[in-house]
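This is data.txt. It holds compact mmCIF, C-alpha atoms and all ligand atoms.
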```txt
# COMPACT_ATOMS: atom_id res chain seq x y z
CA MET A 1 16.94 19.34 18.84
CA LYS A 2 15.86 18.93 15.24
CA GLY A 3 14.22 16.12 13.30
CA ARG A 4 14.15 15.47 9.56
CA MET A 5 11.24 15.04 7.18
CA ALA A 6 10.68 14.23 3.51
CA TYR A 7 8.69 17.22 2.24
CA MET A 8 6.82 17.37 -1.06
CA ASP A 9 7.64 20.84 -2.46
CA GLU A 10 5.23 20.22 -5.32
CA PRO A 11 3.82 17.06 -6.91
CA GLY A 12 6.74 15.02 -8.25
CA ARG A 13 9.46 16.73 -6.18
CA ILE A 14 10.57 15.89 -2.64
CA SER A 15 13.28 17.47 -0.51
CA ILE A 16 14.47 16.79 3.03
CA ARG A 17 13.67 19.51 5.56
CA GLU A 18 14.65 19.96 9.19
CA TYR A 19 12.30 21.18 11.91
CA ASP A 20 12.61 21.73 15.66
CA LEU A 21 11.27 18.87 17.71
CA PRO A 22 8.59 20.02 20.18
CA LYS A 23 10.17 21.36 23.39
CA THR A 24 7.19 20.14 25.38
CA VAL A 25 4.62 17.46 24.65
CA GLU A 26 1.14 18.65 25.61
CA PRO A 27 -1.09 16.68 28.03
CA GLY A 28 -2.61 13.62 26.38
CA ALA A 29 -0.11 13.71 23.49
CA ALA A 30 3.04 11.69 22.74
CA LEU A 31 6.15 12.06 20.64
CA LEU A 32 7.29 9.03 18.68
CA GLU A 33 10.48 8.18 16.88
CA VAL A 34 9.58 6.55 13.55
CA ILE A 35 10.98 3.00 13.40
CA GLN A 36 9.67 2.12 9.95
CA THR A 37 7.16 3.67 7.54
CA ASN A 38 5.84 2.33 4.22
CA VAL A 39 4.83 3.65 0.82
CA CYS A 40 1.09 3.11 0.34
CA GLY A 41 -0.91 3.70 -2.86
CA SER A 42 -2.15 7.04 -1.49
CA GLU A 43 1.37 8.49 -1.48
CA ILE A 44 1.75 7.58 -5.14
CA HIS A 45 -1.53 9.37 -5.97
CA ILE A 46 -0.51 12.47 -4.00
CA PHE A 47 3.06 12.48 -5.37
CA ASN A 48 1.70 12.25 -8.92
CA GLY A 49 -0.55 15.27 -8.30
CA HIS A 50 -3.79 13.30 -8.45
CA HIS A 51 -5.11 14.41 -5.07
CA PRO A 52 -7.67 17.24 -5.31
CA THR A 53 -6.23 19.30 -2.42
CA MET A 54 -2.95 17.83 -1.13
CA ARG A 55 -0.29 19.58 -3.21
CA THR A 56 2.57 20.24 -0.79
CA GLY A 57 3.76 19.09 2.67
CA GLY A 58 4.88 15.93 4.44
CA LEU A 59 3.87 12.48 3.20
CA GLY A 60 3.27 9.02 4.65
CA HIS A 61 0.81 7.42 7.07
CA GLU A 62 1.65 3.70 7.41
CA MET A 63 4.13 3.23 10.26
CA ILE A 64 5.36 1.80 13.53
CA GLY A 65 7.05 4.07 16.07
CA ARG A 66 8.65 4.11 19.50
CA ILE A 67 7.50 6.45 22.27
CA VAL A 68 10.25 8.94 23.17
CA GLU A 69 8.19 11.36 25.25
CA LEU A 70 4.75 11.29 26.85
CA GLY A 71 2.60 14.30 27.69
CA GLU A 72 1.12 14.58 31.16
CA GLY A 73 -1.74 12.12 31.60
CA THR A 74 -0.87 9.99 28.54
CA GLU A 75 -0.87 6.70 30.39
CA THR A 76 -2.72 4.16 28.26
CA ASP A 77 -3.19 3.21 24.60
CA GLY A 78 -6.53 3.02 22.77
CA ALA A 79 -7.28 -0.33 24.41
CA GLY A 80 -6.50 0.89 27.95
CA GLN A 81 -3.13 -0.88 28.18
CA PRO A 82 -0.51 0.99 30.24
CA ILE A 83 2.22 2.56 28.11
CA GLN A 84 5.64 4.02 28.81
CA VAL A 85 8.59 5.60 27.03
CA GLY A 86 10.31 2.99 24.87
CA ASP A 87 7.10 1.12 23.94
CA ARG A 88 6.43 0.40 20.27
CA VAL A 89 3.07 1.66 19.05
CA VAL A 90 1.06 2.04 15.84
CA PRO A 91 -1.23 5.06 15.35
CA VAL A 92 -4.59 5.42 13.66
CA TYR A 93 -3.39 7.94 11.08
CA THR A 94 -6.61 9.97 11.11
CA ILE A 95 -8.27 11.93 13.88
CA ASN A 96 -11.50 10.43 15.26
CA CYS A 97 -13.17 12.91 17.62
CA MET A 98 -16.17 10.64 18.36
CA LYS A 99 -18.31 13.80 18.72
CA CYS A 100 -18.98 15.14 15.20
CA PRO A 101 -21.95 14.04 13.02
CA ALA A 102 -19.86 11.47 11.09
CA CYS A 103 -18.45 9.94 14.29
CA LEU A 104 -21.90 9.85 15.89
CA LYS A 105 -23.39 8.17 12.82
CA GLY A 106 -20.83 5.39 13.31
CA HIS A 107 -18.31 6.50 10.67
CA PRO A 108 -15.34 7.85 12.67
CA SER A 109 -13.17 7.09 9.63
CA HIS A 110 -14.88 10.10 8.06
CA CYS A 111 -14.71 12.35 11.13
CA GLU A 112 -14.82 16.03 10.17
CA HIS A 113 -11.37 16.35 11.78
CA THR A 114 -9.90 13.36 9.90
CA PHE A 115 -7.11 15.22 8.14
CA THR A 116 -6.74 18.23 10.43
CA TYR A 117 -2.99 17.70 10.68
CA PHE A 118 -2.30 16.22 7.25
CA MET A 119 0.36 18.10 5.31
CA GLN A 120 0.35 20.89 7.93
CA GLN A 121 4.11 20.89 8.33
CA ASP A 122 4.53 24.65 8.47
CA THR A 123 3.09 24.96 11.96
CA PRO A 124 4.39 23.35 15.19
CA PRO A 125 4.67 20.57 16.21
CA TYR A 126 5.56 19.99 12.51
CA PHE A 127 5.86 16.20 12.84
CA HIS A 128 2.19 15.34 12.55
CA GLY A 129 0.03 13.91 9.80
CA ALA A 130 3.15 12.68 7.96
CA THR A 131 5.32 9.68 8.73
CA PHE A 132 8.16 9.93 6.18
CA ALA A 133 10.18 11.58 8.93
CA THR A 134 12.36 10.83 11.92
CA HIS A 135 9.53 11.67 14.36
CA TYR A 136 5.75 11.62 14.63
CA TYR A 137 3.56 13.58 17.05
CA LEU A 138 0.43 11.88 18.39
CA HIS A 139 -2.20 14.50 19.21
CA PRO A 140 -4.42 14.25 22.31
CA GLY A 141 -7.31 11.94 21.52
CA GLN A 142 -5.60 10.36 18.50
CA PHE A 143 -5.95 6.58 18.75
CA PHE A 144 -2.85 4.40 18.97
CA PHE A 145 -2.15 0.86 20.13
CA LYS A 146 0.81 -0.86 21.74
CA VAL A 147 2.46 -3.50 19.53
CA PRO A 148 2.61 -6.96 21.18
CA ASP A 149 6.17 -7.95 22.16
CA THR A 150 6.01 -11.09 20.03
CA VAL A 151 5.31 -9.12 16.82
CA ALA A 152 8.43 -7.79 15.03
CA ASP A 153 8.75 -4.21 13.71
CA GLY A 154 8.46 -5.30 10.08
CA GLU A 155 5.43 -7.46 10.84
CA ALA A 156 3.52 -4.59 12.47
CA ALA A 157 4.63 -1.79 10.15
CA ALA A 158 1.73 -2.25 7.69
CA ALA A 159 -0.94 -2.80 10.37
CA ASN A 160 -2.25 0.77 10.52
CA CYS A 161 -3.18 1.01 6.86
CA ALA A 162 -2.91 -2.06 4.61
CA LEU A 163 -3.94 -4.71 7.13
CA SER A 164 -6.63 -2.67 8.93
CA GLN A 165 -8.04 -1.55 5.58
CA VAL A 166 -8.48 -5.04 4.17
CA MET A 167 -9.89 -6.28 7.47
CA VAL A 168 -12.72 -3.78 6.96
CA GLY A 169 -13.18 -5.06 3.39
CA ILE A 170 -13.32 -8.72 4.43
CA ASP A 171 -15.72 -7.76 7.22
CA VAL A 172 -18.19 -5.81 5.06
CA ALA A 173 -18.17 -8.65 2.50
CA ASP A 174 -18.81 -11.05 5.39
CA VAL A 175 -16.38 -13.62 3.96
CA LYS A 176 -17.22 -17.09 5.26
CA ALA A 177 -15.55 -20.49 5.35
CA GLY A 178 -15.92 -22.36 2.07
CA GLN A 179 -16.49 -19.26 -0.07
CA ASN A 180 -14.40 -18.32 -3.10
CA VAL A 181 -12.66 -14.95 -2.93
CA VAL A 182 -10.85 -13.28 -5.84
CA ILE A 183 -8.35 -10.54 -5.04
CA GLN A 184 -7.42 -8.20 -7.90
CA GLY A 185 -3.87 -7.07 -7.07
CA ALA A 186 -1.06 -8.70 -5.04
CA GLY A 187 0.57 -5.60 -3.54
CA GLY A 188 0.57 -4.78 0.17
CA LEU A 189 -3.23 -4.64 0.41
CA GLY A 190 -3.77 -7.77 -1.69
CA LEU A 191 -1.31 -9.92 0.26
CA ASN A 192 -2.78 -8.86 3.60
CA ALA A 193 -6.29 -9.49 2.24
CA CYS A 194 -5.16 -12.96 1.18
CA ALA A 195 -4.04 -13.81 4.74
CA VAL A 196 -7.26 -12.48 6.30
CA ALA A 197 -9.53 -14.29 3.80
CA LYS A 198 -7.61 -17.55 4.29
CA ASP A 199 -7.94 -17.15 8.05
CA ARG A 200 -11.72 -17.04 7.54
CA GLY A 201 -11.59 -20.36 5.70
CA ALA A 202 -12.12 -19.08 2.15
CA THR A 203 -10.49 -20.32 -1.05
CA VAL A 204 -8.43 -17.44 -2.44
CA ILE A 205 -7.55 -16.67 -6.06
CA ILE A 206 -5.24 -13.69 -6.62
CA ILE A 207 -4.49 -11.84 -9.89
CA ASP A 208 -1.40 -9.72 -10.61
CA PRO A 209 1.07 -9.03 -13.45
CA VAL A 210 4.25 -9.41 -11.33
CA PRO A 211 5.55 -13.00 -10.85
CA LEU A 212 7.47 -12.06 -7.66
CA ARG A 213 4.30 -10.77 -6.04
CA LEU A 214 2.41 -13.90 -7.07
CA GLU A 215 5.11 -16.08 -5.47
CA LEU A 216 4.67 -14.11 -2.27
CA ALA A 217 0.89 -14.51 -2.60
CA ARG A 218 1.36 -18.29 -2.43
CA GLU A 219 3.19 -17.85 0.86
CA PHE A 220 0.30 -15.72 2.08
CA GLY A 221 -1.95 -18.71 1.49
CA ALA A 222 -3.34 -18.08 -2.02
CA ASP A 223 -4.85 -21.30 -3.40
CA HIS A 224 -4.54 -20.13 -7.02
CA VAL A 225 -2.52 -17.33 -8.58
CA ILE A 226 -3.27 -15.84 -11.99
CA ASP A 227 -0.47 -14.15 -13.92
CA LEU A 228 -1.86 -11.47 -16.23
CA SER A 229 0.75 -12.32 -18.86
CA GLU A 230 -0.36 -15.95 -19.00
CA HIS A 231 -4.07 -15.16 -19.08
CA ASN A 232 -3.78 -12.01 -21.11
CA SER A 233 -7.38 -11.21 -21.95
CA SER A 234 -10.24 -10.35 -19.67
CA GLU A 235 -12.35 -13.14 -21.21
CA ALA A 236 -9.58 -15.72 -20.58
CA ARG A 237 -9.23 -14.67 -16.93
CA VAL A 238 -12.97 -14.71 -16.29
CA GLN A 239 -13.28 -18.16 -17.87
CA HIS A 240 -10.31 -19.48 -15.86
CA ILE A 241 -11.85 -18.18 -12.64
CA ARG A 242 -15.21 -19.76 -13.49
CA ASP A 243 -13.39 -23.06 -14.04
CA LEU A 244 -11.75 -22.72 -10.63
CA THR A 245 -15.07 -21.98 -8.91
CA ASP A 246 -17.25 -24.83 -10.21
CA GLY A 247 -18.58 -22.64 -13.00
CA TRP A 248 -20.29 -20.26 -10.56
CA GLY A 249 -17.81 -17.40 -10.13
CA PRO A 250 -16.44 -16.01 -6.86
CA ASP A 251 -18.68 -15.08 -3.92
CA VAL A 252 -16.52 -12.06 -3.19
CA VAL A 253 -14.17 -9.97 -5.36
CA ILE A 254 -11.85 -7.43 -3.75
CA GLU A 255 -10.28 -4.70 -5.89
CA VAL A 256 -6.95 -3.45 -4.53
CA THR A 257 -5.13 -2.47 -7.73
CA GLY A 258 -6.04 1.22 -7.84
CA VAL A 259 -6.61 0.72 -11.58
CA SER A 260 -10.27 1.36 -12.39
CA GLU A 261 -10.07 -0.57 -15.69
CA VAL A 262 -10.17 -3.85 -13.73
CA ILE A 263 -13.65 -3.10 -12.35
CA PRO A 264 -15.72 -4.30 -15.37
CA GLU A 265 -13.76 -7.58 -15.23
CA GLY A 266 -14.55 -7.94 -11.53
CA LEU A 267 -18.26 -7.47 -12.25
CA ASP A 268 -18.09 -9.96 -15.09
CA MET A 269 -16.47 -12.75 -13.07
CA ILE A 270 -18.45 -12.46 -9.83
CA GLY A 271 -21.14 -15.07 -9.10
CA VAL A 272 -24.85 -14.38 -8.62
CA GLY A 273 -25.49 -12.77 -5.24
CA GLY A 274 -21.81 -11.90 -4.80
CA THR A 275 -20.21 -8.86 -3.19
CA TYR A 276 -17.71 -6.57 -4.91
CA VAL A 277 -15.49 -4.64 -2.49
CA LEU A 278 -13.75 -1.59 -3.95
CA ILE A 279 -10.70 -0.39 -1.99
CA GLY A 280 -7.95 0.55 -4.42
CA SER A 281 -9.54 3.22 -6.59
CA ILE A 282 -9.03 6.16 -4.25
CA GLY A 283 -8.18 8.80 -6.87
CA PHE A 284 -10.92 10.78 -8.60
CA GLY A 285 -10.80 11.27 -12.36
CA HIS A 286 -10.40 7.65 -13.46
CA PRO A 287 -13.88 6.53 -14.55
CA CYS A 288 -14.39 3.13 -16.15
CA ASP A 289 -16.99 1.60 -18.45
CA PHE A 290 -19.50 0.07 -16.12
CA ASP A 291 -22.55 -1.83 -17.30
CA PRO A 292 -25.09 -1.66 -14.45
CA ALA A 293 -26.90 -4.68 -15.89
CA TYR A 294 -24.16 -6.90 -14.45
CA ALA A 295 -24.96 -5.66 -10.96
CA VAL A 296 -28.74 -5.78 -11.44
CA ARG A 297 -29.03 -9.13 -13.18
CA LYS A 298 -26.51 -10.86 -10.90
CA LEU A 299 -27.78 -9.27 -7.65
CA ILE A 300 -24.31 -7.93 -6.92
CA LYS A 301 -23.67 -5.79 -3.88
CA ILE A 302 -20.97 -3.17 -4.57
CA VAL A 303 -19.32 -1.72 -1.45
CA GLY A 304 -16.72 1.02 -1.18
CA VAL A 305 -14.24 0.86 1.71
CA ASN A 306 -12.05 3.75 2.83
CA ARG A 307 -10.15 4.23 6.11
CA TYR A 308 -11.37 2.46 9.26
CA HIS A 309 -12.81 2.55 12.77
CA PRO A 310 -9.97 2.38 15.37
CA LYS A 311 -11.20 -1.06 16.48
CA TYR A 312 -9.80 -2.51 13.25
CA LEU A 313 -6.25 -1.51 14.15
CA GLN A 314 -6.62 -3.17 17.54
CA GLY A 315 -7.95 -6.26 15.71
CA ALA A 316 -5.08 -6.13 13.19
CA LEU A 317 -2.49 -6.38 15.98
CA LYS A 318 -4.30 -9.34 17.53
CA PHE A 319 -4.49 -10.96 14.09
CA LEU A 320 -0.71 -10.53 13.61
CA GLU A 321 0.02 -11.93 17.05
CA ARG A 322 -2.03 -15.03 16.26
CA THR A 323 -0.99 -15.66 12.63
CA LYS A 324 2.55 -14.26 12.26
CA ASP A 325 4.08 -17.75 12.14
CA ARG A 326 1.67 -18.81 9.39
CA TYR A 327 2.15 -15.86 6.99
CA PRO A 328 5.42 -13.99 6.19
CA PHE A 329 4.21 -10.47 7.11
CA GLY A 330 7.80 -9.29 7.56
CA ARG A 331 8.61 -10.17 3.95
CA LEU A 332 5.70 -8.17 2.59
CA LEU A 333 7.95 -5.11 2.94
CA ASP A 334 10.38 -6.38 0.35
CA LYS A 335 12.32 -3.22 -0.51
CA CYS A 336 13.99 -0.88 1.98
CA PHE A 337 14.94 2.80 1.52
CA SER A 338 16.45 5.54 3.70
CA LEU A 339 14.69 8.85 4.38
CA ASP A 340 16.90 10.53 1.77
CA GLU A 341 15.60 8.06 -0.82
CA VAL A 342 11.87 8.74 -0.36
CA GLN A 343 11.42 10.10 -3.88
CA GLU A 344 12.98 6.97 -5.37
CA ALA A 345 10.90 4.79 -3.03
CA ILE A 346 7.67 6.35 -4.33
CA GLU A 347 8.71 6.33 -7.99
CA SER A 348 9.75 2.68 -7.96
CA SER A 349 6.59 1.74 -6.03
CA ALA A 350 4.57 3.34 -8.82
CA ARG A 351 6.36 1.04 -11.28
CA ARG A 352 5.18 -1.97 -9.18
CA GLU A 353 8.69 -3.41 -8.97
CA PHE A 354 8.02 -5.08 -5.61
CA ALA A 355 5.17 -5.63 -3.13
CA ARG A 356 5.65 -2.72 -0.71
CA ALA A 357 8.50 -0.29 -0.03
CA THR A 358 9.53 0.52 3.52
CA ILE A 359 11.52 3.52 4.72
CA VAL A 360 13.80 3.33 7.74
CA PRO A 361 14.53 7.00 8.59
ZN ZN B 401 -15.53 13.18 14.53
ZN ZN B 402 -2.52 3.68 3.15
```
Output the file's structure as structure tokens, nothing else.
Amino acid sequence: MKGRMAYMDEPGRISIREYDLPKTVEPGAALLEVIQTNVCGSEIHIFNGHHPTMRTGGLGHEMIGRIVELGEGTETDGAGQPIQVGDRVVPVYTINCMKCPACLKGHPSHCEHTFTYFMQQDTPPYFHGATFATHYYLHPGQFFFKVPDTVADGEAAAANCALSQVMVGIDVADVKAGQNVVIQGAGGLGLNACAVAKDRGATVIIIDPVPLRLELAREFGADHVIDLSEHNSSEARVQHIRDLTDGWGPDVVIEVTGVSEVIPEGLDMIGVGGTYVLIGSIGFGHPCDFDPAYAVRKLIKIVGVNRYHPKYLQGALKFLERTKDRYPFGRLLDKCFSLDEVQEAIESSARREFARATIVP
């Protein structure tokens, strides 16, 4: 039996390829059928040729799948819950060996085996490290978690990247009740960050150029939304945010635009003693003008966040289970494509025409 995959032949060009599905699933592994998979900012960077090494191969990492075959001894998920064929699960998209120096120093997100299977589609079992496909192979030791029955496919589909990622960001910034949080960007990451910050009791201000995304931000609990076209200079936005925060500036700013030019503005608006969390700027080669005096004189802590410890994905599912009736997680994926339309899905995502594209293979 064969499965299908969207394969990047070279940056900017994708074709659909067919590969044999594994005849046997090795002990400790599992074969999933992809239910839904989303276009994240990383795919746009890779597709546009901005990644230093990833030039060809399968794409995609944010997904929910259904178990179609289990290897011998694969009996529980990452939290020890029993699993069986037919269960819906979400994978940690990286490998975390828990034995290498990075894992032992407490940074399994930067395990030396992190991307062992990324874009390695020319060797069996083919369907690994890439989710824009009909199937996905979970390697032995790769973390995955069962999706609670009460959480719908579309609600859980962004848990293993967007939601887990911003949960790390909110955690490292130690967002507390009563604080003011500004989120730069109302895409998939920004909307999830809004829900998590609101859940912690913060007041949330979100900035974006797309009115549709700002409307959605309101439904995700944003107290104030700032349309770039209405406040069209950096000075005007910073002043408006000061006015909204009793003249002090936000306690926490979270950058999820992937546009490094917004960083000086973030440093300008943030209040004394605040924390600036950088998540979106994952591509090298986009420096920005940065005046260190802002950080020094305002005692700003700048923290970079990239990938996550598996515990955050477990936490993300619990968060969805508890808050899914309060925030419209299912509507965050506001544009749907087929597997044959992956190229169009990535190109239109790059144009920021909607919040987050989903692919149903
Ligand atoms: Zn490791
Ligand atoms: Zn992602």
At most 6 Å from ligand ZN 401 (chain B) (only C-alpha atoms and all ligand atoms): residue list as a VMD selection string:
chain A and resid 96 to 100 102 to 103 108 111 to 113
Please give me, as a list of chain:residue names, the residues lying within 9 Å of ligand ZN 402 (chain B) when counting all atoms listed in the file.
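After applying the 9 Å limit, what remains is A:Asn38, A:Val39, A:Cys40, A:Gly41, A:Ser42, A:Glu43, A:Gly60, A:His61, A:Glu62, A:Ala158, A:Asn160, A:Cys161, A:Ala162, A:Gln165, A:Leu189, A:Arg307.
With only C-alpha atoms taken into account, the protein and nucleic acid residues at most 9 Å from Leu59 in chain A (excluding it and anything under 2 positions from it in its own chain) are A:Met5, A:Ala6, A:Tyr7, A:Met8, A:Glu43, A:Ile46, A:Phe47, A:Thr56, A:Gly57, A:His61, A:Phe118, A:Met119, A:Gly129, A:Ala130, A:Thr131, A:Phe132, A:Ala133.
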Could you write those residues out with C-alpha atoms, as a JSON list (two decimals), in the coordinates of the input?
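File produced: result17.json:
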```json
[["chain", "number", "residue", "atom", "x", "y", "z"],
["A", 5, "MET", "CA", 11.24, 15.04, 7.18],
["A", 6, "ALA", "CA", 10.68, 14.23, 3.51],
["A", 7, "TYR", "CA", 8.69, 17.22, 2.24],
["A", 8, "MET", "CA", 6.82, 17.37, -1.06],
["A", 43, "GLU", "CA", 1.37, 8.49, -1.48],
["A", 46, "ILE", "CA", -0.51, 12.47, -4.00],
["A", 47, "PHE", "CA", 3.06, 12.48, -5.37],
["A", 56, "THR", "CA", 2.57, 20.24, -0.79],
["A", 57, "GLY", "CA", 3.76, 19.09, 2.67],
["A", 61, "HIS", "CA", 0.81, 7.42, 7.07],
["A", 118, "PHE", "CA", -2.30, 16.22, 7.25],
["A", 119, "MET", "CA", 0.36, 18.10, 5.31],
["A", 129, "GLY", "CA", 0.03, 13.91, 9.80],
["A", 130, "ALA", "CA", 3.15, 12.68, 7.96],
["A", 131, "THR", "CA", 5.32, 9.68, 8.73],
["A", 132, "PHE", "CA", 8.16, 9.93, 6.18],
["A", 133, "ALA", "CA", 10.18, 11.58, 8.93]]
```
Straight-line distance linking CA of Ile95 in chain A with CA of His107 in chain A, stated in Å to one decimal:
11.9 Å
Cut-off 10 Å around (14.8, 17.6, 5.3) with only C-alpha atoms: residues as a list in words
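Every residue inside that radius is included here: Gly3, Arg4, Met5, Ala6, Tyr7, Ile14, Ser15, Ile16, Arg17, Glu18, Tyr19, Ala133, Thr134, Leu339 and Asp340 of chain A.
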Interatomic distance between CA of Gln179 in chain A and CA of Thr257 in chain A?
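Going from CA of Gln179 in chain A over to CA of Thr257 in chain A, I get 21.7 Å.
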Of the residues A:Ile64, A:Val210, A:Leu317, A:Ile254, which is the one nearest to Gly154 in chain A, using only C-alpha atoms?
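The answer is A:Ile64, which sits nearest to Gly154 in chain A.
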Just to confirm, what's the straight-line distance from CA of Val151 in chain A to CA of Gln184 in chain A in Å (one decimal)?
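These two atoms are separated by 27.8 Å.
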Distance table requested - range 134-235 of chain A against range 72-89 of chain A, cut-off 6 Å, only C-alpha atoms: one row per qualifying residue with the closest atom pair and its distance in Å to one decimal, ordered by chain and rising residue number, as a Markdown table.
```
| residue | atom | partner | partner_atom | distance |
| --- | --- | --- | --- | --- |
| A:Phe143 | CA | A:Gly78 | CA | 5.4 |
| A:Phe144 | CA | A:Gly78 | CA | 5.5 |
| A:Phe145 | CA | A:Asp77 | CA | 5.2 |
| A:Lys146 | CA | A:Val89 | CA | 4.3 |
| A:Val147 | CA | A:Val89 | CA | 5.2 |
```
Using all atoms listed in the file, can you tell me which of A:Gln239, A:Ser229, A:Thr323, A:Ser281 comes closest to Thr150 in chain A?
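Among the listed residues, A:Thr323 lies closest to Thr150 in chain A.
Across A:Gly273, A:Gly71, A:Pro328, A:Gly12, the tightest approach to Arg218 in chain A is made by A:Pro328 when counting all atoms listed in the file.
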Hey, what's within 10 Å of Val253 in chain A if we count only C-alpha atoms and toss same-chain stuff fewer than 2 positions away? As a ChimeraX atom specification, please?
/A:170,173,180-184,204-206,249-251,255-256,263,266-267,269-271,274-278,302
File dump, residues just selected, C-alpha atoms, as a PDB file, in the coordinates of the input:
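What ended up in selection-v8.pdb:
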```
ATOM      1  CA  ILE A 170     -13.320  -8.720   4.430  1.00  0.00           C
ATOM      2  CA  ALA A 173     -18.170  -8.650   2.500  1.00  0.00           C
ATOM      3  CA  ASN A 180     -14.400 -18.320  -3.100  1.00  0.00           C
ATOM      4  CA  VAL A 181     -12.660 -14.950  -2.930  1.00  0.00           C
ATOM      5  CA  VAL A 182     -10.850 -13.280  -5.840  1.00  0.00           C
ATOM      6  CA  ILE A 183      -8.350 -10.540  -5.040  1.00  0.00           C
ATOM      7  CA  GLN A 184      -7.420  -8.200  -7.900  1.00  0.00           C
ATOM      8  CA  VAL A 204      -8.430 -17.440  -2.440  1.00  0.00           C
ATOM      9  CA  ILE A 205      -7.550 -16.670  -6.060  1.00  0.00           C
ATOM     10  CA  ILE A 206      -5.240 -13.690  -6.620  1.00  0.00           C
ATOM     11  CA  GLY A 249     -17.810 -17.400 -10.130  1.00  0.00           C
ATOM     12  CA  PRO A 250     -16.440 -16.010  -6.860  1.00  0.00           C
ATOM     13  CA  ASP A 251     -18.680 -15.080  -3.920  1.00  0.00           C
ATOM     14  CA  GLU A 255     -10.280  -4.700  -5.890  1.00  0.00           C
ATOM     15  CA  VAL A 256      -6.950  -3.450  -4.530  1.00  0.00           C
ATOM     16  CA  ILE A 263     -13.650  -3.100 -12.350  1.00  0.00           C
ATOM     17  CA  GLY A 266     -14.550  -7.940 -11.530  1.00  0.00           C
ATOM     18  CA  LEU A 267     -18.260  -7.470 -12.250  1.00  0.00           C
ATOM     19  CA  MET A 269     -16.470 -12.750 -13.070  1.00  0.00           C
ATOM     20  CA  ILE A 270     -18.450 -12.460  -9.830  1.00  0.00           C
ATOM     21  CA  GLY A 271     -21.140 -15.070  -9.100  1.00  0.00           C
ATOM     22  CA  GLY A 274     -21.810 -11.900  -4.800  1.00  0.00           C
ATOM     23  CA  THR A 275     -20.210  -8.860  -3.190  1.00  0.00           C
ATOM     24  CA  TYR A 276     -17.710  -6.570  -4.910  1.00  0.00           C
ATOM     25  CA  VAL A 277     -15.490  -4.640  -2.490  1.00  0.00           C
ATOM     26  CA  LEU A 278     -13.750  -1.590  -3.950  1.00  0.00           C
ATOM     27  CA  ILE A 302     -20.970  -3.170  -4.570  1.00  0.00           C
TER      28      ILE A 302
END
```
From the options A:Gln142, A:Thr53, A:Ser164, A:Ser338, which residue's atoms come nearest to Ala29 in chain A, counting all atoms listed in the file?
A:Gln142
Which of A:Phe337, A:Lys23, A:Ala293, A:Val90 sits closest to Pro124 in chain A [using all atoms listed in the file]:
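Distance minimum relative to Pro124 in chain A lands on A:Lys23.
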As a PDB file with C-alpha atoms, in the coordinates of the input, please: the residues near Gly315 in chain A (cut-off 10 Å, only C-alpha atoms, same-chain neighbours under 6 positions excluded).
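Result written to part.pdb:
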```pdb
ATOM      1  CA  ALA A 159      -0.940  -2.800  10.370  1.00  0.00           C
ATOM      2  CA  LEU A 163      -3.940  -4.710   7.130  1.00  0.00           C
ATOM      3  CA  SER A 164      -6.630  -2.670   8.930  1.00  0.00           C
ATOM      4  CA  MET A 167      -9.890  -6.280   7.470  1.00  0.00           C
ATOM      5  CA  GLU A 321       0.020 -11.930  17.050  1.00  0.00           C
TER       6      GLU A 321
END
```
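Here the question is which of A:Val25, A:Ala357, A:Ala195, A:Ile207 gets nearest to Asp325 in chain A using only C-alpha atoms, and that residue is A:Ala195.
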Skipping near chain neighbours, those fewer than 6 positions away, what residues fall within 10 Å of Pro264 in chain A using only C-alpha atoms, listed as an mmCIF file with C-alpha atoms, keeping the file's coordinate frame?
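The result, stored in around25.cif:
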```
data_model
loop_
_atom_site.group_PDB
_atom_site.id
_atom_site.type_symbol
_atom_site.label_atom_id
_atom_site.label_comp_id
_atom_site.auth_asym_id
_atom_site.auth_seq_id
_atom_site.Cartn_x
_atom_site.Cartn_y
_atom_site.Cartn_z
ATOM 1 C CA SER A 234 -10.240 -10.350 -19.670
ATOM 2 C CA CYS A 288 -14.390 3.130 -16.150
ATOM 3 C CA ASP A 289 -16.990 1.600 -18.450
ATOM 4 C CA PHE A 290 -19.500 0.070 -16.120
ATOM 5 C CA ASP A 291 -22.550 -1.830 -17.300
ATOM 6 C CA PRO A 292 -25.090 -1.660 -14.450
ATOM 7 C CA TYR A 294 -24.160 -6.900 -14.450
#
```
Kindly compute an axis-aligned box around the listed atoms of range 215-229 of chain A, allowing 3 Å on each side, and express its centre and edge lengths in Å to one decimal as JSON.
```
{"center_x": 0.1, "center_y": -16.4, "center_z": -8.4, "size_x": 16.0, "size_y": 15.8, "size_z": 26.9}
```
